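Student: This is protein-v7.cif, which holds mmCIF, C-alpha atoms and all ligand atoms:
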```cif
data_query
#
loop_
_atom_site.label_atom_id
_atom_site.label_comp_id
_atom_site.auth_asym_id
_atom_site.auth_seq_id
_atom_site.Cartn_x
_atom_site.Cartn_y
_atom_site.Cartn_z
CA MET Y 1 2.69 30.88 -10.31
CA GLU Y 2 4.17 33.74 -8.28
CA LYS Y 3 4.67 37.07 -10.08
CA GLU Y 4 8.10 37.27 -8.56
CA GLY Y 5 9.86 34.11 -7.45
CA LEU Y 6 10.21 33.24 -3.78
CA PRO Y 7 13.64 32.96 -2.17
CA ARG Y 8 15.22 29.51 -2.28
CA SER Y 9 15.03 29.15 1.49
CA SER Y 10 11.30 29.77 1.66
CA VAL Y 11 10.65 27.28 -1.16
CA LEU Y 12 12.77 24.69 0.63
CA ASN Y 13 11.12 25.37 3.98
CA GLU Y 14 7.67 25.15 2.50
CA LEU Y 15 8.51 21.84 0.84
CA GLU Y 16 9.91 20.42 4.07
CA SER Y 17 6.85 21.41 6.06
CA ARG Y 18 4.26 20.48 3.42
CA LEU Y 19 5.67 17.02 2.62
CA VAL Y 20 6.24 16.05 6.23
CA GLU Y 21 2.86 14.34 6.39
CA ASP Y 22 3.86 11.77 3.74
CA PHE Y 23 5.03 8.32 4.73
CA THR Y 24 8.81 7.81 4.72
CA TYR Y 25 10.64 4.54 4.23
CA ASP Y 26 13.00 5.05 7.15
CA SER Y 27 10.04 5.22 9.56
CA GLY Y 28 9.59 1.50 8.87
CA ARG Y 29 5.84 2.08 8.44
CA ILE Y 30 5.82 1.30 4.72
CA ILE Y 31 5.56 -2.46 4.88
CA GLY Y 32 3.38 -3.13 1.84
CA SER Y 33 5.48 -1.55 -0.88
CA MET Y 34 8.04 -2.92 -3.32
CA CYS Y 35 10.06 0.29 -3.26
CA THR Y 36 12.64 1.38 -0.71
CA CYS Y 37 15.12 4.17 0.17
CA PRO Y 38 17.56 4.43 -2.69
CA HIS Y 39 21.15 3.59 -1.78
CA PRO Y 40 23.10 6.83 -0.97
CA LEU Y 41 25.64 6.24 -3.75
CA ALA Y 42 22.83 5.85 -6.27
CA SER Y 43 21.22 9.10 -5.10
CA LYS Y 44 24.56 10.88 -5.34
CA VAL Y 45 25.39 9.83 -8.89
CA TYR Y 46 21.77 10.31 -9.96
CA THR Y 47 21.92 13.97 -8.96
CA ARG Y 48 25.39 14.42 -10.45
CA PHE Y 49 24.30 13.21 -13.90
CA LEU Y 50 20.74 14.48 -13.84
CA ASP Y 51 21.08 16.24 -17.19
CA ARG Y 52 21.86 13.12 -19.26
CA ASN Y 53 19.23 12.24 -21.85
CA LEU Y 54 19.30 8.85 -23.52
CA GLY Y 55 16.55 10.01 -25.86
CA ASP Y 56 19.27 11.80 -27.82
CA SER Y 57 21.88 9.13 -27.42
CA GLY Y 58 24.26 10.58 -30.00
CA LEU Y 59 25.05 13.35 -27.51
CA PHE Y 60 25.99 10.86 -24.82
CA PRO Y 61 27.93 7.99 -26.43
CA ALA Y 62 29.74 7.23 -23.16
CA LEU Y 63 26.40 6.82 -21.43
CA VAL Y 64 25.19 4.48 -24.17
CA LYS Y 65 28.21 2.28 -23.39
CA LEU Y 66 27.35 2.45 -19.70
CA GLU Y 67 23.79 1.29 -20.42
CA LYS Y 68 25.15 -1.62 -22.49
CA GLU Y 69 27.43 -2.58 -19.59
CA THR Y 70 24.52 -2.36 -17.17
CA VAL Y 71 22.39 -4.61 -19.36
CA HIS Y 72 25.34 -6.98 -19.70
CA MET Y 73 25.69 -7.20 -15.90
CA LEU Y 74 21.96 -7.80 -15.45
CA GLY Y 75 21.99 -10.33 -18.30
CA THR Y 76 24.88 -12.18 -16.67
CA LEU Y 77 22.94 -12.28 -13.40
CA LEU Y 78 20.10 -13.89 -15.39
CA SER Y 79 22.31 -16.44 -17.20
CA ASN Y 80 22.67 -14.56 -20.47
CA PRO Y 81 25.64 -12.21 -20.89
CA LYS Y 82 24.46 -11.63 -24.48
CA ALA Y 83 21.10 -10.17 -23.43
CA SER Y 84 20.11 -6.92 -25.10
CA GLY Y 85 17.80 -4.33 -23.55
CA HIS Y 86 17.32 -1.12 -21.66
CA ILE Y 87 16.85 0.55 -18.33
CA VAL Y 88 13.27 1.81 -18.55
CA THR Y 89 10.75 3.55 -16.30
CA GLY Y 90 9.63 0.42 -14.45
CA GLY Y 91 8.01 -2.97 -14.69
CA THR Y 92 4.98 -1.61 -16.51
CA GLU Y 93 7.05 -0.27 -19.38
CA ALA Y 94 9.21 -3.41 -19.46
CA ASN Y 95 6.20 -5.74 -19.61
CA THR Y 96 4.54 -3.60 -22.26
CA LEU Y 97 7.70 -3.58 -24.40
CA ALA Y 98 7.84 -7.37 -24.15
CA LEU Y 99 4.25 -7.78 -25.41
CA TRP Y 100 4.91 -5.20 -28.11
CA ALA Y 101 7.94 -7.17 -29.30
CA ALA Y 102 5.91 -10.39 -29.25
CA LYS Y 103 3.20 -8.75 -31.34
CA LYS Y 104 5.64 -7.29 -33.86
CA LEU Y 105 7.47 -10.59 -34.25
CA SER Y 106 4.30 -12.56 -34.83
CA GLU Y 107 2.52 -12.83 -38.14
CA LYS Y 108 -0.81 -13.62 -36.50
CA LYS Y 109 -3.51 -10.99 -36.95
CA CYS Y 110 -5.96 -11.46 -34.10
CA CYS Y 111 -3.98 -12.29 -31.07
CA ASN Y 112 -4.07 -13.28 -27.45
CA VAL Y 113 -1.53 -13.61 -24.67
CA VAL Y 114 -1.85 -16.32 -22.01
CA VAL Y 115 -0.92 -15.08 -18.52
CA PRO Y 116 -1.25 -16.46 -14.98
CA ALA Y 117 -4.25 -15.32 -12.93
CA SER Y 118 -1.64 -13.74 -10.63
CA ALA Y 119 -0.03 -11.58 -13.36
CA HIS Y 120 0.43 -7.87 -12.61
CA TYR Y 121 -2.23 -5.52 -14.00
CA SER Y 122 0.37 -3.95 -16.30
CA PHE Y 123 -0.32 -6.83 -18.71
CA ASP Y 124 -4.00 -5.83 -18.96
CA ARG Y 125 -3.02 -2.24 -19.69
CA ALA Y 126 -0.39 -3.31 -22.22
CA ALA Y 127 -2.90 -5.57 -23.96
CA ASP Y 128 -5.48 -2.81 -24.08
CA LEU Y 129 -2.95 -0.49 -25.65
CA LEU Y 130 -1.67 -3.05 -28.15
CA GLY Y 131 -5.06 -4.47 -29.13
CA LEU Y 132 -4.31 -7.88 -27.64
CA LYS Y 133 -6.59 -10.14 -25.65
CA ILE Y 134 -5.43 -11.34 -22.24
CA VAL Y 135 -6.35 -14.91 -21.30
CA ARG Y 136 -5.89 -15.44 -17.56
CA VAL Y 137 -5.17 -19.00 -16.47
CA LYS Y 138 -5.94 -20.51 -13.07
CA LEU Y 139 -3.34 -21.20 -10.40
CA ASN Y 140 -2.51 -24.48 -8.68
CA SER Y 141 -2.74 -25.06 -4.93
CA ARG Y 142 0.67 -23.44 -4.49
CA PHE Y 143 -0.47 -20.23 -6.22
CA GLN Y 144 1.65 -20.96 -9.29
CA VAL Y 145 0.21 -20.98 -12.77
CA ASP Y 146 -1.23 -24.37 -13.72
CA VAL Y 147 0.98 -25.49 -16.62
CA GLU Y 148 -1.61 -27.93 -17.99
CA ALA Y 149 -4.18 -25.13 -18.01
CA VAL Y 150 -1.73 -22.91 -19.91
CA LYS Y 151 -1.31 -25.69 -22.48
CA LYS Y 152 -5.08 -25.88 -22.89
CA ALA Y 153 -5.49 -22.11 -23.10
CA VAL Y 154 -3.01 -21.79 -25.98
CA ASN Y 155 -4.82 -21.63 -29.32
CA PRO Y 156 -3.89 -20.69 -32.92
CA ASN Y 157 -4.28 -17.00 -32.06
CA THR Y 158 -1.87 -17.10 -29.15
CA ILE Y 159 1.31 -15.11 -29.71
CA ALA Y 160 2.87 -15.19 -26.25
CA ILE Y 161 2.79 -16.67 -22.80
CA VAL Y 162 3.85 -15.00 -19.60
CA GLY Y 163 5.27 -16.44 -16.40
CA VAL Y 164 5.95 -14.55 -13.18
CA ALA Y 165 9.06 -15.04 -11.05
CA GLY Y 166 7.93 -13.30 -7.90
CA THR Y 167 4.21 -12.58 -8.07
CA THR Y 168 2.96 -9.19 -6.93
CA GLY Y 169 0.66 -10.62 -4.28
CA LEU Y 170 2.71 -13.44 -2.77
CA GLY Y 171 6.17 -13.53 -4.35
CA VAL Y 172 5.53 -16.97 -5.83
CA VAL Y 173 7.57 -18.28 -8.77
CA ASP Y 174 5.66 -19.91 -11.63
CA PRO Y 175 6.95 -23.19 -13.14
CA ILE Y 176 8.90 -21.35 -15.83
CA ARG Y 177 10.56 -24.60 -16.99
CA GLY Y 178 7.14 -25.99 -17.93
CA LEU Y 179 6.21 -22.74 -19.68
CA SER Y 180 9.51 -22.76 -21.54
CA LYS Y 181 8.72 -26.23 -22.84
CA ILE Y 182 5.30 -25.12 -24.13
CA ALA Y 183 6.84 -21.99 -25.70
CA THR Y 184 9.48 -24.05 -27.51
CA GLU Y 185 7.04 -26.71 -28.70
CA GLU Y 186 4.40 -24.23 -29.85
CA ASN Y 187 6.88 -21.66 -31.16
CA LEU Y 188 5.54 -18.95 -28.85
CA TYR Y 189 7.15 -15.92 -27.28
CA LEU Y 190 7.72 -16.42 -23.53
CA HIS Y 191 8.14 -13.39 -21.28
CA VAL Y 192 9.12 -13.75 -17.63
CA ASP Y 193 8.09 -10.99 -15.26
CA ALA Y 194 10.85 -10.96 -12.64
CA ALA Y 195 10.29 -7.28 -11.84
CA PHE Y 196 10.55 -8.09 -8.14
CA GLY Y 197 12.22 -11.52 -8.16
CA GLY Y 198 15.05 -10.59 -10.52
CA PHE Y 199 17.03 -8.97 -7.73
CA VAL Y 200 16.07 -11.63 -5.17
CA LEU Y 201 16.07 -15.12 -6.70
CA PRO Y 202 19.69 -15.26 -7.97
CA PHE Y 203 20.90 -14.31 -4.48
CA LEU Y 204 18.54 -16.68 -2.67
CA LYS Y 205 19.95 -19.43 -4.85
CA GLU Y 206 23.50 -18.52 -3.84
CA LEU Y 207 22.36 -18.57 -0.22
CA GLY Y 208 21.29 -22.18 -0.62
CA PHE Y 209 17.52 -21.69 -0.94
CA ASP Y 210 15.73 -24.03 -3.27
CA VAL Y 211 15.17 -21.71 -6.24
CA PRO Y 212 13.71 -23.11 -9.45
CA ASP Y 213 15.17 -22.05 -12.80
CA PHE Y 214 13.37 -19.00 -14.12
CA ASP Y 215 15.82 -17.12 -16.35
CA PHE Y 216 17.52 -17.30 -19.75
CA SER Y 217 19.03 -20.67 -18.81
CA LEU Y 218 15.66 -22.01 -20.00
CA PRO Y 219 15.66 -22.06 -23.81
CA GLY Y 220 12.11 -20.75 -24.35
CA VAL Y 221 12.56 -17.52 -22.40
CA CYS Y 222 12.60 -14.59 -24.85
CA SER Y 223 12.58 -11.64 -22.43
CA ILE Y 224 12.71 -10.82 -18.74
CA THR Y 225 11.58 -7.83 -16.69
CA ILE Y 226 13.96 -7.05 -13.80
CA ASP Y 227 13.46 -3.82 -11.87
CA PRO Y 228 16.37 -2.07 -10.15
CA HIS Y 229 13.93 0.32 -8.42
CA LYS Y 230 12.49 -2.56 -6.41
CA MET Y 231 15.03 -4.84 -4.66
CA GLY Y 232 17.91 -3.30 -6.65
CA LEU Y 233 17.89 -0.22 -4.37
CA ALA Y 234 17.93 2.21 -7.30
CA PRO Y 235 16.10 5.55 -7.33
CA ILE Y 236 12.78 5.64 -9.20
CA PRO Y 237 12.51 5.36 -12.21
CA ALA Y 238 14.57 2.28 -12.98
CA GLY Y 239 12.98 -0.75 -14.56
CA GLY Y 240 14.75 -3.25 -16.76
CA ILE Y 241 13.79 -5.06 -19.95
CA LEU Y 242 16.18 -7.72 -21.17
CA PHE Y 243 15.68 -9.54 -24.47
CA ARG Y 244 17.43 -12.83 -25.19
CA ASN Y 245 19.20 -11.28 -28.16
CA GLU Y 246 19.55 -8.12 -30.19
CA LYS Y 247 17.12 -9.33 -32.86
CA LEU Y 248 14.25 -9.40 -30.36
CA ARG Y 249 15.10 -5.92 -29.05
CA LYS Y 250 15.21 -4.60 -32.62
CA ALA Y 251 11.56 -5.57 -33.04
CA VAL Y 252 10.54 -2.47 -31.07
CA ALA Y 253 13.33 -0.13 -32.25
CA TRP Y 254 12.47 3.11 -34.00
CA ASN Y 255 14.86 5.24 -36.03
CA VAL Y 256 14.92 8.99 -35.43
CA SER Y 257 17.04 11.07 -37.75
CA TYR Y 258 16.82 14.77 -36.87
CA LEU Y 259 18.21 14.92 -33.33
CA ALA Y 260 21.08 17.13 -32.15
CA GLY Y 261 23.29 14.11 -31.61
CA GLY Y 262 22.45 12.76 -35.08
CA GLU Y 263 20.49 9.71 -36.13
CA THR Y 264 19.54 7.43 -33.29
CA GLU Y 265 17.43 4.44 -32.47
CA GLN Y 266 14.89 4.32 -29.65
CA ALA Y 267 13.59 1.00 -28.38
CA THR Y 268 11.70 2.17 -25.29
CA PHE Y 269 8.41 4.02 -25.01
CA VAL Y 270 9.61 7.39 -23.92
CA GLY Y 271 11.60 9.80 -26.07
CA THR Y 272 13.55 11.90 -23.59
CA ARG Y 273 14.88 9.31 -21.18
CA SER Y 274 16.71 9.49 -17.87
CA GLY Y 275 20.41 8.79 -18.23
CA ALA Y 276 20.76 9.38 -14.50
CA SER Y 277 18.77 6.19 -13.88
CA VAL Y 278 21.28 4.22 -15.93
CA VAL Y 279 24.22 5.79 -14.11
CA ALA Y 280 22.63 4.97 -10.75
CA VAL Y 281 21.99 1.31 -11.62
CA TRP Y 282 25.49 0.90 -13.09
CA ALA Y 283 27.03 2.42 -9.93
CA LEU Y 284 25.03 0.13 -7.65
CA LEU Y 285 25.88 -3.04 -9.53
CA LYS Y 286 29.57 -2.08 -9.46
CA HIS Y 287 29.59 -0.93 -5.84
CA LEU Y 288 27.37 -3.51 -4.14
CA GLY Y 289 28.43 -6.49 -6.18
CA LYS Y 290 26.91 -9.92 -5.62
CA GLU Y 291 28.20 -10.06 -2.07
CA SER Y 292 26.27 -7.04 -0.77
CA TYR Y 293 23.08 -7.88 -2.65
CA ARG Y 294 23.30 -11.37 -1.16
CA ARG Y 295 23.68 -9.89 2.32
CA ILE Y 296 20.65 -7.61 1.80
CA VAL Y 297 18.52 -10.49 0.51
CA ARG Y 298 19.64 -12.72 3.38
CA SER Y 299 18.64 -10.18 5.98
CA CYS Y 300 15.23 -9.43 4.36
CA MET Y 301 14.55 -13.14 4.04
CA SER Y 302 15.43 -14.02 7.61
CA LEU Y 303 13.15 -11.25 8.89
CA THR Y 304 10.41 -12.48 6.55
CA LEU Y 305 10.60 -16.02 7.89
CA LYS Y 306 10.48 -14.71 11.47
CA LEU Y 307 7.44 -12.59 10.66
CA ALA Y 308 5.69 -15.55 8.99
CA GLY Y 309 6.39 -17.74 12.04
CA GLU Y 310 4.98 -15.15 14.45
CA ILE Y 311 1.83 -14.59 12.38
CA ARG Y 312 1.12 -18.31 12.45
CA LYS Y 313 1.12 -18.16 16.26
CA ILE Y 314 -1.67 -15.54 16.37
CA ASP Y 315 -5.08 -17.14 16.92
CA GLY Y 316 -7.37 -16.52 13.97
CA LEU Y 317 -4.56 -15.53 11.57
CA ASP Y 318 -2.44 -17.55 9.19
CA ILE Y 319 -0.07 -17.04 6.30
CA VAL Y 320 -1.32 -17.78 2.79
CA ALA Y 321 1.78 -19.74 1.77
CA GLU Y 322 5.30 -20.39 3.01
CA PRO Y 323 7.25 -17.34 1.72
CA THR Y 324 9.35 -17.96 -1.40
CA MET Y 325 10.92 -14.54 -1.10
CA ASN Y 326 10.54 -11.50 1.15
CA ILE Y 327 6.77 -11.24 0.79
CA VAL Y 328 4.23 -12.56 3.30
CA GLY Y 329 0.48 -12.94 2.76
CA ILE Y 330 -1.65 -12.74 5.91
CA LYS Y 331 -5.08 -14.34 5.82
CA SER Y 332 -7.81 -15.22 8.28
CA GLY Y 333 -10.51 -17.84 8.32
CA VAL Y 334 -12.20 -16.03 11.19
CA PHE Y 335 -11.87 -12.26 10.75
CA ASP Y 336 -12.61 -9.96 7.85
CA ILE Y 337 -9.09 -9.31 6.52
CA GLY Y 338 -10.20 -5.96 5.05
CA ARG Y 339 -11.18 -4.81 8.53
CA ILE Y 340 -7.80 -5.77 9.93
CA ALA Y 341 -6.08 -3.85 7.13
CA GLU Y 342 -8.26 -0.83 7.83
CA LYS Y 343 -7.33 -0.89 11.50
CA LEU Y 344 -3.64 -1.31 10.68
CA ARG Y 345 -3.86 1.71 8.40
CA LEU Y 346 -5.50 3.72 11.18
CA ARG Y 347 -2.44 2.87 13.24
CA LYS Y 348 -0.32 4.22 10.35
CA TRP Y 349 0.90 0.93 8.92
CA ALA Y 350 1.06 1.18 5.12
CA VAL Y 351 0.00 -2.37 4.28
CA SER Y 352 -1.18 -3.58 0.92
CA LEU Y 353 -4.61 -5.25 0.66
CA PHE Y 354 -5.47 -8.00 -1.83
CA PRO Y 355 -8.96 -9.57 -2.14
CA SER Y 356 -8.29 -12.20 0.50
CA HIS Y 357 -5.00 -11.29 2.11
CA ILE Y 358 -2.81 -8.52 3.45
CA ARG Y 359 0.58 -8.31 1.73
CA ILE Y 360 3.68 -7.48 3.74
CA VAL Y 361 6.86 -6.80 1.77
CA VAL Y 362 9.97 -6.93 3.93
CA MET Y 363 12.11 -4.45 2.00
CA PRO Y 364 15.60 -3.44 3.17
CA HIS Y 365 14.25 -0.40 5.07
CA VAL Y 366 12.10 -2.68 7.27
CA LYS Y 367 14.05 -3.60 10.39
CA LYS Y 368 13.54 -6.08 13.25
CA GLN Y 369 12.19 -3.40 15.54
CA HIS Y 370 9.55 -2.38 12.95
CA ILE Y 371 8.41 -5.98 12.58
CA GLU Y 372 8.12 -6.32 16.35
CA GLU Y 373 6.06 -3.11 16.60
CA PHE Y 374 3.89 -4.30 13.74
CA LEU Y 375 3.26 -7.68 15.38
CA GLU Y 376 2.28 -5.95 18.64
CA ASP Y 377 -0.26 -3.80 16.81
CA LEU Y 378 -1.54 -6.77 14.84
CA LYS Y 379 -2.09 -8.79 18.01
CA GLY Y 380 -3.84 -5.80 19.60
CA ILE Y 381 -6.18 -5.46 16.62
CA VAL Y 382 -7.03 -9.16 16.62
CA LYS Y 383 -7.86 -8.95 20.33
CA GLU Y 384 -10.03 -5.87 19.71
CA ILE Y 385 -11.99 -7.49 16.87
CA GLY Y 386 -12.20 -10.86 18.57
CA GLY Y 387 -13.65 -9.16 21.63
N1 LIG Y 401 5.51 -6.81 -12.38
C1 LIG Y 401 5.36 -7.17 -11.09
C2 LIG Y 401 5.49 -8.61 -10.70
C3 LIG Y 401 5.07 -6.18 -10.13
O1 LIG Y 401 4.88 -6.55 -8.87
C4 LIG Y 401 4.98 -4.84 -10.56
C5 LIG Y 401 4.67 -3.73 -9.60
C6 LIG Y 401 5.15 -4.53 -11.91
C7 LIG Y 401 5.41 -5.55 -12.79
C8 LIG Y 401 5.05 -3.12 -12.41
O2 LIG Y 401 6.12 -2.38 -11.98
P1 LIG Y 401 6.11 -0.79 -11.92
O3 LIG Y 401 5.18 -0.39 -10.83
O4 LIG Y 401 7.54 -0.45 -11.68
O5 LIG Y 401 5.64 -0.32 -13.25
N2 LIG Y 401 4.67 -4.06 -8.31
C9 LIG Y 401 4.28 -3.18 -7.25
C10 LIG Y 401 2.84 -3.48 -6.86
O6 LIG Y 401 1.94 -3.34 -7.68
C11 LIG Y 401 4.41 -1.72 -7.58
C12 LIG Y 401 4.38 -0.90 -6.33
C13 LIG Y 401 5.54 -0.39 -5.83
C14 LIG Y 401 3.20 -0.66 -5.65
C15 LIG Y 401 5.54 0.37 -4.69
C16 LIG Y 401 3.17 0.09 -4.48
C17 LIG Y 401 4.35 0.61 -4.02
O7 LIG Y 401 4.35 1.36 -2.87
O8 LIG Y 401 2.65 -3.84 -5.73
#
```
Would you mind writing the file out in structure tokens?

Tutor:
Amino acid sequence: MEKEGLPRSSVLNELESRLVEDFTYDSGRIIGSMCTCPHPLASKVYTRFLDRNLGDSGLFPALVKLEKETVHMLGTLLSNPKASGHIVTGGTEANTLALWAAKKLSEKKCCNVVVPASAHYSFDRAADLLGLKIVRVKLNSRFQVDVEAVKKAVNPNTIAIVGVAGTTGLGVVDPIRGLSKIATEENLYLHVDAAFGGFVLPFLKELGFDVPDFDFSLPGVCSITIDPHKMGLAPIPAGGILFRNEKLRKAVAWNVSYLAGGETEQATFVGTRSGASVVAVWALLKHLGKESYRRIVRSCMSLTLKLAGEIRKIDGLDIVAEPTMNIVGIKSGVFDIGRIAEKLRLRKWAVSLFPSHIRIVVMPHVKKQHIEEFLEDLKGIVKEIGG
């Protein structure tokens, strides 16, 4: 630390020049990420209410109401206006809270959780933390969890099953209806990870895409992760955990009595908690409404389908599966896909690399011109490698 502080202007200048080497969303080069530029209104209200702390909720009763309204809006989007929950730090916290609730609600002592092979690694971390065992179940030919295999994997020590509505690698939706049936029959907790899909699937459905049921309309679903800081356009951090009802949320609630605002209850992991995140999500839901989110999803999806079509035309490359949402997996039966990713990265394309495919996420900051430039580079690389 400096002995005497530097002037504001030199701190600002240094930051501008030092951080210039980082990727930016508006360059269109980040095409493997689930995050995007926050909406300007969200950034504005976030900064305006930066001091609000939901960790001491007694000080901010109006903000508590705003969080309830936000959860109500998200719950309504997911077919359950009565949902109870919180805006949290992201999908990792939301998924961990869900498993924590499942553990607290169960009387079983030595427990496991059955998840799809495609489940996000946050479930492994949550299980490690909570002393649970993760049982990964194979996928079917469409990269969805195999429901029969889930049925077989469930045993007397199982406390929960997980389904994903928008997998991290391919954006695939698991057969949540089938999982809901198992959960109801076996009296198990069912959590749906719609961290990415939560802000995509309801709008795709309205646009006429064939979207399977994945939300609280299915009776077995106990909780859902839905992240505003992914396709919701909210500033980081903004994840969402919704429980079917207040009783489930209460399972992870903790009473704290000594705070400045008086006795309070905390049902998230962190103590001090960003109220600005809540304000930003509330503002976006109010301002964008279904209409604008639908427009954003429509434009991402149409670009995604174009990209998928063009990739198919490149000799030696193919897509892993027809895109369900704005995620495309690129594979090759001829070339080493890792080598292609490496060459794309050398050309400053921030792609995401899975064991056997490259993942492209067509977020709202990715425009037609970026996709065209990307395809040119991709073709060039294939030519180079193919000799
Ligand atoms: N559930 C699913 C289905 C996810 O895809 C993710 C993260 C999570 C949960 C966890 O969410 P948080 O990262 O908010 O805790 N999905 C992205 C991924 O792993 C996270 C990400 C975002 C990675 C932006 C890179 C990036 O640039 O791909």

Student: Residues near Val115 in chain Y, anyone? I mean within 9 Å using only C-alpha atoms, not counting same-chain ones fewer than 4 positions away, as a PyMOL selection string.

Tutor: chain Y and resi 119+123+134-137+145+150+160-164

Student: Rank Y:Lys230, Y:Lys133, Y:Lys68, Y:Lys138 by their smallest atom-to-atom distance to Gly166 in chain Y, using all atoms listed in the file, and report the top residue only.

Tutor: Y:Lys230

Student: What do you get as a PyMOL selection string if you pick all residues at most 8 Å from ligand LIG 401 (chain Y), counting only C-alpha atoms and all ligand atoms?

Tutor: chain Y and resi 30+32-35+89-95+119-122+164-169+193-197+225+227+229-230+237-239+352

Student: Neighbours of Asn187 in chain Y within 9 Å (only C-alpha atoms; same-chain residues fewer than 4 positions away dropped), as a list of chain:residue names?

Tutor: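 Counting only C-alpha atoms, the residues come to Y:Ile159, Y:Ile182, Y:Ala183, Y:Gly220.
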
Student: When distances are computed from all atoms listed in the file, which of Y:Glu21, Y:Asp124, Y:Glu206, Y:Glu67 shows the smallest separation from Leu54 in chain Y?

Tutor: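 Using all atoms listed in the file, the shortest distance to Leu54 in chain Y belongs to Y:Glu67.
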
Student: Rank nothing, just name the residue among Y:Val88, Y:Leu78, Y:Val147, Y:Ile319 nearest to Gly178 in chain Y, using only C-alpha atoms.

Tutor: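 Of Y:Val88, Y:Leu78, Y:Val147, Y:Ile319, the one nearest Gly178 in chain Y is Y:Val147, counting only C-alpha atoms.
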
Student: With distances taken over all atoms listed in the file, which residue among Y:Lys313, Y:Lys151, Y:Lys205, Y:Lys65 lies nearest Leu179 in chain Y?

Tutor: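 Closest candidate: Y:Lys151.
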
Student: When distances are computed from only C-alpha atoms, which of Y:Leu303, Y:Ala102, Y:Ile176, Y:Ile327 shows the smallest separation from Leu130 in chain Y?

Tutor: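 Looking at the shortest contact to Leu130 in chain Y, the residue is Y:Ala102.
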
Student: Can you measure CA of Leu66 in chain Y to CA of Thr264 in chain Y for me? One decimal in Å is fine.

Tutor: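 So the answer is 16.4 Å.
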
Student: Find the residue from Y:Thr184, Y:Ser57, Y:Ile314, Y:Phe209 that sits nearest to Lys379 in chain Y; use only C-alpha atoms when measuring.

Tutor: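 Looking only at the distances to Lys379 in chain Y, the closest residue turns out to be Y:Ile314.
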
Student: Would you pick out the contacts of range 288-301 of chain Y at 7 Å or less, using all atoms listed in the file, so that residues sharing its chain but fewer than 4 positions from it are not included, and give the list as a list in words?

Tutor: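 That gives Val200, Phe203, Leu204, Leu284, Leu305, Met325, Asn326, Val362, Met363 and Pro364 of chain Y.
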
Student: How about completing range 261-270 of chain Y with N, CA, C and O atoms and giving it to me as a tab-separated table (two decimals), keeping the file's coordinate frame?

Tutor:
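Ended up saving to out_33.tsv:
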```tsv
chain	number	residue	atom	x	y	z
Y	261	GLY	N	22.16	15.05	-31.64
Y	261	GLY	CA	23.29	14.11	-31.61
Y	261	GLY	C	23.36	13.27	-32.88
Y	261	GLY	O	24.16	12.34	-32.97
Y	262	GLY	N	22.48	13.54	-33.84
Y	262	GLY	CA	22.45	12.76	-35.08
Y	262	GLY	C	21.46	11.62	-35.00
Y	262	GLY	O	20.72	11.49	-34.02
Y	263	GLU	N	21.47	10.80	-36.04
Y	263	GLU	CA	20.49	9.71	-36.13
Y	263	GLU	C	20.63	8.76	-34.95
Y	263	GLU	O	21.75	8.45	-34.51
Y	264	THR	N	19.49	8.34	-34.43
Y	264	THR	CA	19.54	7.43	-33.29
Y	264	THR	C	18.41	6.42	-33.39
Y	264	THR	O	17.53	6.54	-34.24
Y	265	GLU	N	18.46	5.47	-32.48
Y	265	GLU	CA	17.43	4.44	-32.47
Y	265	GLU	C	16.85	4.40	-31.07
Y	265	GLU	O	17.59	4.42	-30.08
Y	266	GLN	N	15.52	4.39	-30.97
Y	266	GLN	CA	14.89	4.32	-29.65
Y	266	GLN	C	14.07	3.04	-29.56
Y	266	GLN	O	13.24	2.78	-30.42
Y	267	ALA	N	14.33	2.26	-28.54
Y	267	ALA	CA	13.59	1.00	-28.38
Y	267	ALA	C	12.89	0.94	-27.03
Y	267	ALA	O	12.71	-0.13	-26.46
Y	268	THR	N	12.51	2.12	-26.52
Y	268	THR	CA	11.70	2.17	-25.29
Y	268	THR	C	10.49	3.03	-25.63
Y	268	THR	O	10.39	3.54	-26.74
Y	269	PHE	N	9.59	3.23	-24.68
Y	269	PHE	CA	8.41	4.02	-25.01
Y	269	PHE	C	8.66	5.50	-25.02
Y	269	PHE	O	8.13	6.23	-25.84
Y	270	VAL	N	9.44	5.95	-24.04
Y	270	VAL	CA	9.61	7.39	-23.92
Y	270	VAL	C	10.65	7.89	-24.91
Y	270	VAL	O	11.49	7.11	-25.38
```
